[in-house]
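Inspection log for the structure reproduced underneath, given as structure tokens.
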Amino acid sequence: MPTYEYRCRKCGASFEINESVAQHEDAQHRCPNCQSTEVESLLSDFYARTSKKS
Ligand SMILES: [Zn+2]
């Protein structure tokens, strides 16, 4: 199972979650520090998303 790294947009905390690819696509993760759901993946889909925006 791959490890995905996330960062919270609210408090800036980063954390890792072990999950399958299917779980990664569906999951709505919560920051373990502030409980915000505004977390972003630090892996490839994060870069794809940001490069599309700008
Ligand atoms: Zn947070």
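The way I read the labels, and the way they are meant: chains A, B, ... in the order of the structure tokens, residue 1 as the first residue of every chain, and ligand 1 as the first ligand shown, with later ones counted on from there.
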| query | Which residues, written as a VMD selection string, have at least one atom at most 10 Å from A:Val21, with only C-alpha atoms counted and residues fewer than 6 positions away on the same chain left out? | reply | chain A and resid 1 to 4 27
Please, which residues in chain A fall within 9 Å of ligand 1 when counting only C-alpha atoms and all ligand atoms, and what is the closest atom pair and distance in Å to one decimal for each, ordered by chain then residue number, as CSV?
```
residue,atom,partner,partner_atom_place_in_ligand_line,distance
A:Arg7,CA,ligand 1,1 (Zn),7.8
A:Cys8,CA,ligand 1,1 (Zn),4.6
A:Arg9,CA,ligand 1,1 (Zn),6.6
A:Lys10,CA,ligand 1,1 (Zn),5.1
A:Cys11,CA,ligand 1,1 (Zn),4.1
A:Gly12,CA,ligand 1,1 (Zn),6.0
A:Ala13,CA,ligand 1,1 (Zn),5.5
A:Ser14,CA,ligand 1,1 (Zn),8.1
A:Arg30,CA,ligand 1,1 (Zn),7.9
A:Cys31,CA,ligand 1,1 (Zn),4.6
A:Pro32,CA,ligand 1,1 (Zn),6.7
A:Asn33,CA,ligand 1,1 (Zn),4.9
A:Cys34,CA,ligand 1,1 (Zn),4.1
A:Gln35,CA,ligand 1,1 (Zn),6.0
A:Ser36,CA,ligand 1,1 (Zn),5.4
A:Thr37,CA,ligand 1,1 (Zn),8.0
A:Glu38,CA,ligand 1,1 (Zn),7.7
A:Val39,CA,ligand 1,1 (Zn),7.5
```
Taking only stretch 2-40 of chain A into account, list the residues labelled alpha helix (DSSP H) by DSSP (computed from the backbone), as a PDB file with C-alpha atoms, in the first residue's frame.
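In the end it all went to states.pdb:
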```pdb
ATOM      1  CA  VAL A  21      -5.001   4.138  -4.887  1.00  0.00           C
ATOM      2  CA  ALA A  22      -8.806   3.765  -4.836  1.00  0.00           C
ATOM      3  CA  GLN A  23      -8.965   5.042  -1.272  1.00  0.00           C
ATOM      4  CA  HIS A  24      -6.707   7.917  -2.186  1.00  0.00           C
ATOM      5  CA  GLU A  25      -9.027   9.035  -4.965  1.00  0.00           C
ATOM      6  CA  ASP A  26     -12.172   8.813  -2.865  1.00  0.00           C
TER       7      ASP A  26
END
```
